[in-house]
>>> print(open('start_21.cif').read())   # mmCIF, C-alpha atoms and all ligand atoms
data_data
loop_
_atom_site.label_atom_id
_atom_site.label_comp_id
_atom_site.auth_asym_id
_atom_site.auth_seq_id
_atom_site.Cartn_x
_atom_site.Cartn_y
_atom_site.Cartn_z
CA MET Y 25 -7.15 24.23 6.74
CA LEU Y 26 -7.36 25.13 3.07
CA ALA Y 27 -9.20 28.25 2.00
CA ARG Y 28 -11.49 26.34 -0.35
CA GLU Y 29 -12.27 22.74 -0.98
CA LEU Y 30 -10.48 21.38 -4.00
CA THR Y 31 -11.98 18.17 -5.32
CA LEU Y 32 -9.87 15.37 -6.76
CA THR Y 33 -11.26 16.26 -10.19
CA ASP Y 34 -10.13 19.91 -9.78
CA TYR Y 35 -6.73 18.77 -8.51
CA LEU Y 36 -6.12 16.42 -11.41
CA GLY Y 37 -7.25 19.06 -13.90
CA ASP Y 38 -4.82 21.60 -12.43
CA SER Y 39 -1.79 19.32 -12.38
CA ALA Y 40 0.44 17.59 -14.89
CA PHE Y 41 -1.46 14.30 -15.21
CA SER Y 42 -2.06 12.68 -18.59
CA SER Y 43 -5.62 12.02 -19.68
CA ALA Y 44 -5.16 8.27 -19.10
CA GLU Y 45 -3.76 8.89 -15.60
CA THR Y 46 -6.58 11.30 -14.72
CA HIS Y 47 -9.33 8.95 -15.85
CA THR Y 48 -7.69 5.97 -14.16
CA LEU Y 49 -7.39 7.85 -10.85
CA LEU Y 50 -10.99 9.04 -11.05
CA ALA Y 51 -12.14 5.47 -11.74
CA LEU Y 52 -10.17 4.24 -8.72
CA ALA Y 53 -11.73 7.01 -6.62
CA ARG Y 54 -15.26 6.06 -7.72
CA ALA Y 55 -14.60 2.43 -6.78
CA GLY Y 56 -13.01 3.45 -3.45
CA ALA Y 57 -16.07 5.54 -2.57
CA ARG Y 58 -18.42 2.65 -3.43
CA ILE Y 59 -16.38 0.20 -1.35
CA ALA Y 60 -16.43 2.60 1.60
CA SER Y 61 -20.20 2.80 1.34
CA VAL Y 62 -20.55 -1.00 1.14
CA LEU Y 63 -18.31 -1.44 4.20
CA ALA Y 64 -20.17 1.23 6.17
CA ARG Y 65 -23.43 -0.70 5.72
CA GLY Y 66 -21.84 -4.14 5.98
CA LYS Y 67 -22.18 -7.14 8.22
CA ARG Y 68 -19.10 -9.02 9.40
CA ALA Y 69 -17.17 -10.56 6.51
CA ALA Y 70 -17.95 -14.11 5.40
CA PHE Y 71 -15.95 -16.72 3.49
CA ALA Y 72 -16.59 -16.30 -0.23
CA GLY Y 73 -16.21 -20.06 -0.84
CA HIS Y 74 -12.82 -20.15 -2.58
CA ASP Y 75 -9.12 -19.39 -2.01
CA ASN Y 76 -7.07 -16.84 -3.94
CA VAL Y 77 -3.82 -17.38 -5.85
CA HIS Y 78 -1.94 -17.22 -2.52
CA GLY Y 79 -4.01 -20.03 -1.02
CA GLU Y 80 -5.75 -17.63 1.36
CA HIS Y 81 -9.47 -17.76 2.14
CA VAL Y 82 -11.21 -15.07 0.08
CA ARG Y 83 -13.84 -13.06 1.92
CA ASP Y 84 -17.02 -11.78 0.31
CA TYR Y 85 -15.76 -8.20 0.61
CA ASP Y 86 -12.53 -9.10 -1.27
CA VAL Y 87 -14.67 -10.15 -4.22
CA ILE Y 88 -16.95 -7.12 -3.99
CA ALA Y 89 -13.99 -4.72 -3.82
CA ASN Y 90 -12.22 -6.38 -6.73
CA ASP Y 91 -15.41 -6.27 -8.83
CA HIS Y 92 -15.91 -2.55 -8.15
CA PHE Y 93 -12.37 -1.69 -9.21
CA VAL Y 94 -12.43 -3.90 -12.30
CA LYS Y 95 -15.82 -2.54 -13.38
CA GLU Y 96 -14.70 1.09 -13.04
CA LEU Y 97 -11.30 0.55 -14.65
CA SER Y 98 -12.87 -1.36 -17.54
CA GLN Y 99 -14.55 1.88 -18.62
CA VAL Y 100 -11.29 3.85 -18.87
CA PRO Y 101 -9.95 3.82 -22.45
CA GLY Y 102 -6.36 4.45 -21.31
CA CYS Y 103 -6.34 1.57 -18.81
CA ALA Y 104 -5.15 -1.64 -20.46
CA GLY Y 105 -5.51 -3.93 -17.48
CA VAL Y 106 -5.31 -4.77 -13.82
CA LEU Y 107 -2.99 -7.05 -11.88
CA SER Y 108 -5.01 -7.81 -8.75
CA GLU Y 109 -4.36 -9.91 -5.68
CA GLU Y 110 -7.70 -11.54 -6.39
CA LEU Y 111 -6.99 -12.53 -10.02
CA ALA Y 112 -4.49 -15.21 -10.99
CA GLU Y 113 -3.60 -13.50 -14.29
CA PRO Y 114 -3.47 -9.83 -15.30
CA PHE Y 115 -6.98 -8.86 -16.41
CA ARG Y 116 -7.24 -7.11 -19.80
CA THR Y 117 -9.73 -4.26 -19.65
CA ALA Y 118 -9.33 -2.84 -23.17
CA SER Y 119 -9.23 -4.66 -26.48
CA HIS Y 120 -6.99 -2.20 -28.33
CA GLN Y 121 -3.44 -0.99 -27.65
CA ARG Y 122 -2.76 2.72 -27.24
CA ALA Y 123 0.60 4.32 -26.74
CA ASP Y 124 -0.38 5.74 -23.36
CA GLU Y 125 -2.05 2.65 -21.92
CA LEU Y 126 -1.61 1.91 -18.24
CA LEU Y 127 -1.52 -1.14 -16.01
CA VAL Y 128 -2.98 -0.85 -12.51
CA PHE Y 129 -1.44 -2.96 -9.73
CA LEU Y 130 -4.16 -3.52 -7.18
CA ASP Y 131 -4.75 -4.94 -3.72
CA PRO Y 132 -8.52 -4.42 -3.70
CA LEU Y 133 -9.01 -4.98 0.03
CA ASP Y 134 -5.88 -4.96 2.11
CA GLY Y 135 -6.29 -6.20 5.68
CA SER Y 136 -9.63 -7.81 4.90
CA ALA Y 137 -9.15 -10.29 7.76
CA ASN Y 138 -9.96 -7.32 9.99
CA LEU Y 139 -13.48 -7.23 8.53
CA ASP Y 140 -14.28 -10.36 10.51
CA ALA Y 141 -14.60 -7.83 13.34
CA HIS Y 142 -15.46 -4.60 11.49
CA GLY Y 143 -11.81 -3.53 11.71
CA LEU Y 144 -9.62 -1.25 9.62
CA CYS Y 145 -8.76 -2.02 6.01
CA GLY Y 146 -7.78 -0.31 2.79
CA SER Y 147 -7.07 -0.63 -0.92
CA ILE Y 148 -3.64 -0.18 -2.51
CA PHE Y 149 -2.87 0.84 -6.10
CA GLY Y 150 0.12 1.47 -8.31
CA ILE Y 151 -0.05 2.76 -11.88
CA ALA Y 152 2.62 2.02 -14.50
CA PRO Y 153 2.86 1.96 -18.30
CA ALA Y 154 1.58 -1.24 -19.88
CA THR Y 155 4.43 -1.22 -22.39
CA GLY Y 156 5.10 -4.51 -24.13
CA GLY Y 157 1.75 -6.03 -23.27
CA LEU Y 158 0.15 -6.98 -19.97
CA THR Y 159 2.17 -10.10 -19.23
CA ALA Y 160 5.49 -8.27 -19.59
CA ALA Y 161 4.21 -5.12 -17.89
CA ALA Y 162 3.06 -7.13 -14.86
CA LEU Y 163 6.69 -8.19 -14.35
CA GLN Y 164 8.27 -4.73 -14.43
CA THR Y 165 10.06 -3.48 -11.33
CA GLY Y 166 8.51 -0.82 -9.11
CA GLN Y 167 10.81 1.76 -10.72
CA GLY Y 168 8.26 1.74 -13.56
CA LEU Y 169 5.52 3.14 -11.33
CA ARG Y 170 4.31 6.62 -12.25
CA LEU Y 171 1.72 7.00 -9.51
CA ALA Y 172 0.71 5.07 -6.42
CA GLY Y 173 -1.47 5.41 -3.38
CA TYR Y 174 -4.08 3.89 -1.18
CA PHE Y 175 -7.55 4.22 0.27
CA LEU Y 176 -8.05 3.92 4.03
CA TYR Y 177 -11.53 2.86 5.15
CA SER Y 178 -11.75 4.07 8.74
CA SER Y 179 -13.70 6.66 10.74
CA ALA Y 180 -13.38 8.56 7.45
CA THR Y 181 -12.43 7.41 3.97
CA LEU Y 182 -9.11 8.76 2.75
CA MET Y 183 -7.36 8.57 -0.59
CA VAL Y 184 -3.61 9.17 -0.37
CA LEU Y 185 -1.90 9.83 -3.69
CA ALA Y 186 1.82 9.94 -4.47
CA ALA Y 187 2.56 11.67 -7.73
CA HIS Y 188 5.36 13.82 -9.05
CA GLU Y 189 7.43 13.31 -5.92
CA ARG Y 190 4.83 14.56 -3.47
CA VAL Y 191 2.05 13.00 -1.43
CA ASP Y 192 -1.39 14.54 -0.99
CA ALA Y 193 -4.41 13.29 0.96
CA PHE Y 194 -8.09 13.53 0.03
CA LEU Y 195 -11.11 12.97 2.26
CA TYR Y 196 -14.30 11.47 0.90
CA ASP Y 197 -17.32 13.68 1.51
CA PRO Y 198 -20.45 11.54 1.06
CA ALA Y 199 -22.67 14.65 0.89
CA LEU Y 200 -20.62 16.02 -1.99
CA GLY Y 201 -20.01 12.58 -3.52
CA ALA Y 202 -16.37 13.57 -4.05
CA PHE Y 203 -12.88 13.38 -2.56
CA THR Y 204 -11.57 16.76 -1.44
CA LEU Y 205 -7.95 17.72 -0.79
CA ILE Y 206 -7.29 17.90 2.96
CA GLU Y 207 -3.52 17.64 3.34
CA GLN Y 208 -0.81 18.67 0.94
CA ASN Y 209 2.76 17.54 0.57
CA LEU Y 210 2.77 15.05 3.45
CA ARG Y 211 6.28 14.40 4.78
CA CYS Y 212 7.20 11.34 6.78
CA PRO Y 213 9.16 12.49 9.88
CA GLU Y 214 12.90 11.72 9.84
CA ARG Y 215 12.37 9.43 12.84
CA GLY Y 216 9.44 8.50 15.04
CA LYS Y 217 8.37 6.54 18.07
CA LEU Y 218 6.01 3.93 16.64
CA TYR Y 219 6.79 0.45 15.52
CA ALA Y 220 4.17 -1.70 13.80
CA VAL Y 221 5.05 -5.40 13.65
CA ASN Y 222 3.36 -8.74 14.31
CA GLU Y 223 5.46 -9.18 17.41
CA ALA Y 224 4.18 -12.70 18.07
CA ARG Y 225 6.14 -13.77 14.97
CA ALA Y 226 9.35 -11.95 15.90
CA ARG Y 227 10.92 -15.04 17.48
CA THR Y 228 11.04 -16.62 14.03
CA TRP Y 229 12.64 -13.61 12.29
CA SER Y 230 16.34 -13.66 11.40
CA PRO Y 231 18.66 -12.97 14.37
CA SER Y 232 19.57 -9.58 12.86
CA ALA Y 233 15.92 -8.53 12.50
CA GLN Y 234 15.30 -9.63 16.10
CA SER Y 235 18.26 -7.66 17.38
CA TRP Y 236 17.06 -4.56 15.46
CA LEU Y 237 13.70 -4.83 17.22
CA ASP Y 238 15.37 -5.42 20.60
CA GLN Y 239 17.43 -2.27 20.11
CA LEU Y 240 14.34 -0.21 19.31
CA LYS Y 241 12.57 -1.55 22.38
CA SER Y 242 15.48 -1.09 24.74
CA GLN Y 243 16.17 2.47 23.69
CA SER Y 244 15.48 5.01 26.38
CA THR Y 245 15.06 8.74 26.14
CA ALA Y 246 18.48 9.01 27.83
CA ASP Y 247 19.97 7.78 24.50
CA GLY Y 248 18.61 10.94 22.90
CA GLY Y 249 15.96 9.08 20.95
CA PRO Y 250 12.31 8.39 21.61
CA ARG Y 251 10.89 5.56 23.67
CA TYR Y 252 9.02 3.43 21.19
CA SER Y 253 5.41 2.24 21.37
CA LEU Y 254 3.90 -0.68 19.49
CA ARG Y 255 0.86 0.09 17.35
CA TYR Y 256 -0.33 -2.69 15.02
CA THR Y 257 -3.76 -3.10 13.45
CA GLY Y 258 -3.02 -5.99 11.05
CA ALA Y 259 -3.83 -3.86 7.98
CA LEU Y 260 -0.79 -2.61 6.10
CA VAL Y 261 -2.60 0.50 4.88
CA ALA Y 262 -3.71 1.56 8.36
CA ASP Y 263 -0.36 0.84 10.01
CA ALA Y 264 1.68 2.47 7.26
CA HIS Y 265 -0.59 5.52 7.16
CA ARG Y 266 -0.03 6.18 10.85
CA VAL Y 267 3.72 5.76 10.41
CA LEU Y 268 3.64 8.13 7.44
CA LEU Y 269 2.01 10.84 9.54
CA GLU Y 270 3.73 10.29 12.90
CA GLY Y 271 7.03 8.64 12.00
CA GLY Y 272 8.46 5.28 13.03
CA VAL Y 273 8.45 2.01 11.19
CA PHE Y 274 6.25 -0.76 9.81
CA ALA Y 275 8.03 -4.11 9.42
CA TYR Y 276 7.00 -7.48 8.06
CA PRO Y 277 10.32 -9.31 7.68
CA ALA Y 278 10.64 -12.91 6.53
CA ASP Y 279 9.54 -15.33 9.25
CA ALA Y 280 9.11 -19.07 9.66
CA ALA Y 281 5.63 -19.03 8.12
CA SER Y 282 6.66 -16.72 5.24
CA PRO Y 283 10.34 -17.30 4.42
CA GLN Y 284 10.10 -15.00 1.37
CA GLY Y 285 8.16 -12.38 3.33
CA LYS Y 286 4.37 -12.14 3.47
CA LEU Y 287 3.52 -8.99 1.57
CA ARG Y 288 3.05 -8.96 -2.16
CA LEU Y 289 5.70 -7.07 -4.14
CA GLN Y 290 3.71 -5.70 -7.03
CA TYR Y 291 0.55 -4.44 -5.34
CA GLU Y 292 1.52 -4.00 -1.69
CA ALA Y 293 5.24 -3.40 -1.18
CA ASN Y 294 5.92 -1.37 -4.34
CA PRO Y 295 3.04 1.11 -4.18
CA MET Y 296 3.63 1.70 -0.47
CA SER Y 297 7.40 2.08 -1.03
CA PHE Y 298 6.66 4.59 -3.81
CA VAL Y 299 4.47 6.61 -1.40
CA PHE Y 300 7.12 6.62 1.34
CA ARG Y 301 9.88 7.61 -1.08
CA ALA Y 302 7.76 10.53 -2.34
CA ALA Y 303 7.12 11.60 1.28
CA GLY Y 304 10.83 11.56 2.19
CA GLY Y 305 10.65 8.24 4.05
CA ALA Y 306 12.27 4.96 3.07
CA ALA Y 307 11.55 1.31 2.34
CA THR Y 308 13.68 -1.81 2.17
CA THR Y 309 13.56 -5.57 1.91
CA GLY Y 310 16.64 -5.60 4.16
CA ARG Y 311 18.92 -5.81 1.14
CA THR Y 312 17.53 -3.33 -1.35
CA SER Y 313 14.59 -1.11 -2.14
CA PRO Y 314 11.51 -3.18 -3.02
CA LEU Y 315 11.27 -0.90 -6.07
CA ASP Y 316 14.46 -2.52 -7.45
CA VAL Y 317 13.37 -6.14 -6.98
CA GLU Y 318 12.83 -8.08 -10.23
CA PRO Y 319 9.59 -10.00 -9.69
CA PRO Y 320 9.98 -13.71 -10.47
CA HIS Y 321 6.23 -13.83 -11.02
CA PRO Y 322 3.38 -11.31 -10.70
CA HIS Y 323 2.30 -12.43 -7.24
CA ALA Y 324 5.77 -12.64 -5.65
CA ARG Y 325 6.23 -11.77 -1.97
CA VAL Y 326 9.00 -9.78 -0.27
CA PRO Y 327 10.07 -8.85 3.24
CA LEU Y 328 9.04 -5.21 3.78
CA VAL Y 329 10.24 -2.54 6.19
CA LEU Y 330 9.09 1.02 5.60
CA GLY Y 331 8.77 4.27 7.45
CA SER Y 332 11.05 7.01 8.70
CA ARG Y 333 14.58 7.04 7.28
CA HIS Y 334 16.20 6.62 10.68
CA GLU Y 335 14.45 3.38 11.64
CA VAL Y 336 14.60 1.89 8.12
CA GLU Y 337 18.33 2.62 7.82
CA ARG Y 338 18.92 0.97 11.19
CA PHE Y 339 17.15 -2.15 9.93
CA GLU Y 340 19.31 -2.17 6.78
CA ALA Y 341 22.46 -1.72 8.88
CA ALA Y 342 21.49 -4.66 11.12
CA GLU Y 343 20.90 -6.88 8.09
CA ARG Y 344 24.16 -5.73 6.48
CA SER Y 345 26.19 -6.49 9.57
CA ALA Y 346 24.83 -10.05 9.46
CA ARG Y 347 26.26 -10.41 5.93
CA PRO Y 348 30.00 -9.75 6.36
CA SER Y 349 30.76 -10.98 2.85
CA ASP Y 350 28.62 -8.27 1.12
P1 LIG G 1 -4.44 -9.44 5.21
O1 LIG G 1 -3.78 -10.80 5.24
O2 LIG G 1 -5.58 -9.31 6.21
O3 LIG G 1 -4.83 -8.97 3.83
O4 LIG G 1 -2.04 -8.10 2.91
C1 LIG G 1 -1.62 -8.86 3.92
C2 LIG G 1 -1.98 -8.33 5.29
O5 LIG G 1 -3.32 -8.40 5.68
C3 LIG G 1 -1.54 -6.87 5.54
O6 LIG G 1 -2.52 -5.91 5.30
C4 LIG G 1 -1.12 -6.88 6.98
O7 LIG G 1 -0.15 -5.92 7.28
C5 LIG G 1 -0.61 -8.30 7.17
O8 LIG G 1 -1.20 -9.09 6.16
C6 LIG G 1 -1.02 -8.83 8.50
O9 LIG G 1 -0.45 -10.08 8.65
P2 LIG G 1 -0.49 -10.84 10.07
O10 LIG G 1 -1.92 -11.18 10.33
O11 LIG G 1 0.36 -12.03 9.85
O12 LIG G 1 0.06 -9.91 11.09
#
>>> encode(input="start_21.cif", output="structure tokens")
Amino acid sequence: MLARELTLTDYLGDSAFSSAETHTLLALARAGARIASVLARGKRAAFAGHDNVHGEHVRDYDVIANDHFVKELSQVPGCAGVLSEELAEPFRTASHQRADELLVFLDPLDGSANLDAHGLCGSIFGIAPATGGLTAAALQTGQGLRLAGYFLYSSATLMVLAAHERVDAFLYDPALGAFTLIEQNLRCPERGKLYAVNEARARTWSPSAQSWLDQLKSQSTADGGPRYSLRYTGALVADAHRVLLEGGVFAYPADAASPQGKLRLQYEANPMSFVFRAAGGAATTGRTSPLDVEPPHPHARVPLVLGSRHEVERFEAAERSARPSD
């Protein structure tokens, strides 16, 4: 426990964040708090009446969450725009260019299918320079990210922030109307005993990905490693957060339904990979870090495996051994 409660505003004031970064993070936090309050009072999700750019049914809460983020970010002078899962094109929030302008990569409501049953969900963000204009900036690799993190809407509302090669967690206190620092310098364990996958799809993964999973499952404590347990909520934020704290691995490899992978590079895979890298964990597409993938378009998808170094490196080794010519 910390000796005194440090709010997000105090934290940002004390650290080496630019004015544009500080105001962008505070805007994201205001939106995250509003979304948490909407969800806490909410009925089950309903179809919003249209599909998004990925051809998926949009739920009413997806639209509400996107609107809250866009409204808050539109008031930040240093925020040039938003690339959101819910918007086909990058959205320009400011009419003038400044040298320090930022682009926010945003999944406004990750795991929103869970809201059909009041389940777990989150929001994911990455923040990068908007150099060269929004269209070009939306196509930069994840190596351009300066900050990234997520909100988890659960029994409590958390904001996890990766910045300056460390990861800190803030808890929303509705009485205070502020996020307060609760955990500092989170480190992902070197290995763990959780795996989070949609196992029903595993039969349509590549043979190497299947054999990696079989090895995890068949490992016994006699091998010197842990016996693994499956924990999967269907919300990337919730599953990855647990892996970050307890160790293990989240995997959504390519499968028959999603041959390029399911998760979106710019606003799901990259921000989460940035968080795991800062926490000493790892992330891969099976071939490379998602952060090194050149996006063919702003809404591109990738296979994603992230978590403890041990399990992620084993996945990479399995994929490598299936490519003898590499
Ligand atoms: P959702 O479609 O509900 O938004 O973002 C995609 C995502 O959820 C992730 O949060 C989650 O990890 C994954 O899809 C779940 O996919 P499956 O239902 O195919 O397991």
>>> closest_atom_pairs(input="start_21.cif", of="stretch 169-211 of chain Y", to="stretch 292-299 of chain Y", cutoff="8 Å", atoms="all atoms listed in the file", output="JSON lines")
{"residue": "Y:Leu169", "atom": "CA", "partner": "Y:Phe298", "partner_atom": "CA", "distance": 7.7}
{"residue": "Y:Leu171", "atom": "CA", "partner": "Y:Phe298", "partner_atom": "CA", "distance": 7.9}
{"residue": "Y:Ala172", "atom": "CA", "partner": "Y:Pro295", "partner_atom": "CA", "distance": 5.1}
{"residue": "Y:Gly173", "atom": "CA", "partner": "Y:Pro295", "partner_atom": "CA", "distance": 6.3}
{"residue": "Y:Leu185", "atom": "CA", "partner": "Y:Val299", "partner_atom": "CA", "distance": 7.5}
{"residue": "Y:Ala186", "atom": "CA", "partner": "Y:Val299", "partner_atom": "CA", "distance": 5.2}
{"residue": "Y:Val191", "atom": "CA", "partner": "Y:Val299", "partner_atom": "CA", "distance": 6.8}
>>> write_last_selection(input="start_21.cif", atoms="C-alpha atoms", output="PDB file, in the coordinates of the input")
ATOM      1  CA  LEU Y 169       5.520   3.140 -11.330  1.00  0.00           C
ATOM      2  CA  LEU Y 171       1.720   7.000  -9.510  1.00  0.00           C
ATOM      3  CA  ALA Y 172       0.710   5.070  -6.420  1.00  0.00           C
ATOM      4  CA  GLY Y 173      -1.470   5.410  -3.380  1.00  0.00           C
ATOM      5  CA  LEU Y 185      -1.900   9.830  -3.690  1.00  0.00           C
ATOM      6  CA  ALA Y 186       1.820   9.940  -4.470  1.00  0.00           C
ATOM      7  CA  VAL Y 191       2.050  13.000  -1.430  1.00  0.00           C
TER       8      VAL Y 191
END
>>> closest_residue(input="start_21.cif", among="Y:Ala44, Y:Pro327, Y:Ala89, Y:His142", to="Y:Pro283", atoms="all atoms listed in the file")
Y:Pro327
>>> residues_near_point(input="start_21.cif", point="(-5.5, -8.7, -6.6)", cutoff="8 Å", atoms="only C-alpha atoms", output="list in words")
Asn90, Leu107, Ser108, Glu109, Glu110, Leu111, Ala112, Phe129, Leu130, Asp131, Pro132 and Tyr291 of chain Y
>>> atom_distance(input="start_21.cif", atom1="atom O9 of ligand LIG 1 (chain G)", atom2="atom CA of Y:Arg83")
15.3 Å
>>> closest_residue(input="start_21.cif", among="Y:His74, Y:Arg58, Y:Arg190, Y:His81", to="ligand LIG 1 (chain G)", atoms="only C-alpha atoms and all ligand atoms")
Y:His81
>>> axis_aligned_box(input="start_21.cif", around="stretch 276-280 of chain Y", padding_each_side="3 Å", output="AutoDock Vina command-line options")
--center_x 8.8 --center_y -13.3 --center_z 8.1 --size_x 9.6 --size_y 17.6 --size_z 9.1
>>> closest_residue(input="start_21.cif", among="Y:Arg211, Y:Arg227, Y:Val261, Y:His188", to="Y:Ser39", atoms="all atoms listed in the file")
Y:His188
>>> residues_around(input="start_21.cif", residues="Y:Thr46", least_positions_apart="6", cutoff="9 Å", atoms="all atoms listed in the file", output="list in words")
Thr33, Leu36 and Gly37 of chain Y
>>> atom_distance(input="start_21.cif", atom1="atom CA of Y:Gly285", atom2="atom CA of Y:Val326")
4.5 Å
>>> residues_near_ligand(input="start_21.cif", ligand="ligand LIG 1 (chain G)", cutoff="10 Å", atoms="all atoms listed in the file", output="compact mmCIF listing (two decimals) with C-alpha atoms, keeping the file's coordinate frame")
# COMPACT_ATOMS: atom_id res chain seq x y z
CA GLU Y 80 -5.75 -17.63 1.36
CA HIS Y 81 -9.47 -17.76 2.14
CA VAL Y 82 -11.21 -15.07 0.08
CA ASP Y 86 -12.53 -9.10 -1.27
CA GLU Y 109 -4.36 -9.91 -5.68
CA ASP Y 131 -4.75 -4.94 -3.72
CA PRO Y 132 -8.52 -4.42 -3.70
CA LEU Y 133 -9.01 -4.98 0.03
CA ASP Y 134 -5.88 -4.96 2.11
CA GLY Y 135 -6.29 -6.20 5.68
CA SER Y 136 -9.63 -7.81 4.90
CA ALA Y 137 -9.15 -10.29 7.76
CA ASN Y 138 -9.96 -7.32 9.99
CA LEU Y 139 -13.48 -7.23 8.53
CA ASP Y 140 -14.28 -10.36 10.51
CA LEU Y 144 -9.62 -1.25 9.62
CA CYS Y 145 -8.76 -2.02 6.01
CA GLY Y 146 -7.78 -0.31 2.79
CA SER Y 147 -7.07 -0.63 -0.92
CA ILE Y 148 -3.64 -0.18 -2.51
CA ALA Y 220 4.17 -1.70 13.80
CA VAL Y 221 5.05 -5.40 13.65
CA ASN Y 222 3.36 -8.74 14.31
CA GLU Y 223 5.46 -9.18 17.41
CA ALA Y 224 4.18 -12.70 18.07
CA ARG Y 225 6.14 -13.77 14.97
CA TYR Y 256 -0.33 -2.69 15.02
CA THR Y 257 -3.76 -3.10 13.45
CA GLY Y 258 -3.02 -5.99 11.05
CA ALA Y 259 -3.83 -3.86 7.98
CA LEU Y 260 -0.79 -2.61 6.10
CA VAL Y 261 -2.60 0.50 4.88
CA ALA Y 262 -3.71 1.56 8.36
CA ASP Y 263 -0.36 0.84 10.01
CA ALA Y 264 1.68 2.47 7.26
CA PHE Y 274 6.25 -0.76 9.81
CA ALA Y 275 8.03 -4.11 9.42
CA TYR Y 276 7.00 -7.48 8.06
CA ASP Y 279 9.54 -15.33 9.25
CA ALA Y 281 5.63 -19.03 8.12
CA SER Y 282 6.66 -16.72 5.24
CA LYS Y 286 4.37 -12.14 3.47
CA LEU Y 287 3.52 -8.99 1.57
CA ARG Y 288 3.05 -8.96 -2.16
CA TYR Y 291 0.55 -4.44 -5.34
CA GLU Y 292 1.52 -4.00 -1.69
CA ALA Y 293 5.24 -3.40 -1.18
CA LEU Y 328 9.04 -5.21 3.78
>>> closest_atom_pairs(input="start_21.cif", of="stretch 218-266 of chain Y", to="stretch 335-342 of chain Y", cutoff="7 Å", atoms="all atoms listed in the file", output="CSV")
residue,atom,partner,partner_atom,distance
Y:Ser232,CA,Y:Ala342,CA,5.6
Y:Ala233,CA,Y:Ala342,CA,6.9
Y:Trp236,CA,Y:Phe339,CA,6.0
>>> closest_residue(input="start_21.cif", among="Y:Ala202, Y:Leu289, Y:Val273, Y:Leu32", to="Y:Pro319", atoms="all atoms listed in the file")
Y:Leu289
>>> atom_distance(input="start_21.cif", atom1="atom CA of Y:Thr228", atom2="atom CA of Y:Gly310")
15.8 Å
>>> residues_around(input="start_21.cif", residues="stretch 249-253 of chain Y", least_positions_apart="6", cutoff="9 Å", atoms="all atoms listed in the file", output="mmCIF file with C-alpha atoms, in the coordinates of the input")
data_model
loop_
_atom_site.group_PDB
_atom_site.id
_atom_site.type_symbol
_atom_site.label_atom_id
_atom_site.label_comp_id
_atom_site.auth_asym_id
_atom_site.auth_seq_id
_atom_site.Cartn_x
_atom_site.Cartn_y
_atom_site.Cartn_z
ATOM 1 C CA ARG Y 215 12.370 9.430 12.840
ATOM 2 C CA GLY Y 216 9.440 8.500 15.040
ATOM 3 C CA LYS Y 217 8.370 6.540 18.070
ATOM 4 C CA LEU Y 218 6.010 3.930 16.640
ATOM 5 C CA TYR Y 219 6.790 0.450 15.520
ATOM 6 C CA ALA Y 220 4.170 -1.700 13.800
ATOM 7 C CA LEU Y 240 14.340 -0.210 19.310
ATOM 8 C CA LYS Y 241 12.570 -1.550 22.380
ATOM 9 C CA SER Y 242 15.480 -1.090 24.740
ATOM 10 C CA GLN Y 243 16.170 2.470 23.690
ATOM 11 C CA GLY Y 272 8.460 5.280 13.030
#
>>> closest_residue(input="start_21.cif", among="Y:Leu127, Y:Val94, Y:Ala193, Y:Val100", to="Y:Leu163", atoms="only C-alpha atoms")
Y:Leu127
>>> build_atoms(input="start_21.cif", residues="stretch 128-137 of chain Y", atoms="N, CA and C atoms", output="short mmCIF file (atom, residue, chain, number, x, y, z; two decimals), in the frame of the given file")
data_model
loop_
_atom_site.label_atom_id
_atom_site.label_comp_id
_atom_site.auth_asym_id
_atom_site.auth_seq_id
_atom_site.Cartn_x
_atom_site.Cartn_y
_atom_site.Cartn_z
N VAL Y 128 -2.76 -1.16 -13.93
CA VAL Y 128 -2.98 -0.85 -12.51
C VAL Y 128 -2.64 -2.08 -11.68
N PHE Y 129 -1.75 -1.93 -10.72
CA PHE Y 129 -1.44 -2.96 -9.73
C PHE Y 129 -2.38 -2.72 -8.54
N LEU Y 130 -3.06 -3.76 -8.11
CA LEU Y 130 -4.16 -3.52 -7.18
C LEU Y 130 -4.26 -4.56 -6.07
N ASP Y 131 -4.29 -4.10 -4.83
CA ASP Y 131 -4.75 -4.94 -3.72
C ASP Y 131 -6.13 -4.38 -3.37
N PRO Y 132 -7.19 -5.03 -3.83
CA PRO Y 132 -8.52 -4.42 -3.70
C PRO Y 132 -8.96 -4.21 -2.26
N LEU Y 133 -8.61 -5.14 -1.38
CA LEU Y 133 -9.01 -4.98 0.03
C LEU Y 133 -7.91 -5.51 0.92
N ASP Y 134 -7.01 -4.61 1.27
CA ASP Y 134 -5.88 -4.96 2.11
C ASP Y 134 -6.33 -5.01 3.58
N GLY Y 135 -5.91 -6.08 4.26
CA GLY Y 135 -6.29 -6.20 5.68
C GLY Y 135 -7.71 -6.71 5.85
N SER Y 136 -8.21 -7.43 4.85
CA SER Y 136 -9.63 -7.81 4.90
C SER Y 136 -9.94 -8.78 6.04
N ALA Y 137 -8.90 -9.44 6.59
CA ALA Y 137 -9.15 -10.29 7.76
C ALA Y 137 -9.75 -9.47 8.91
#
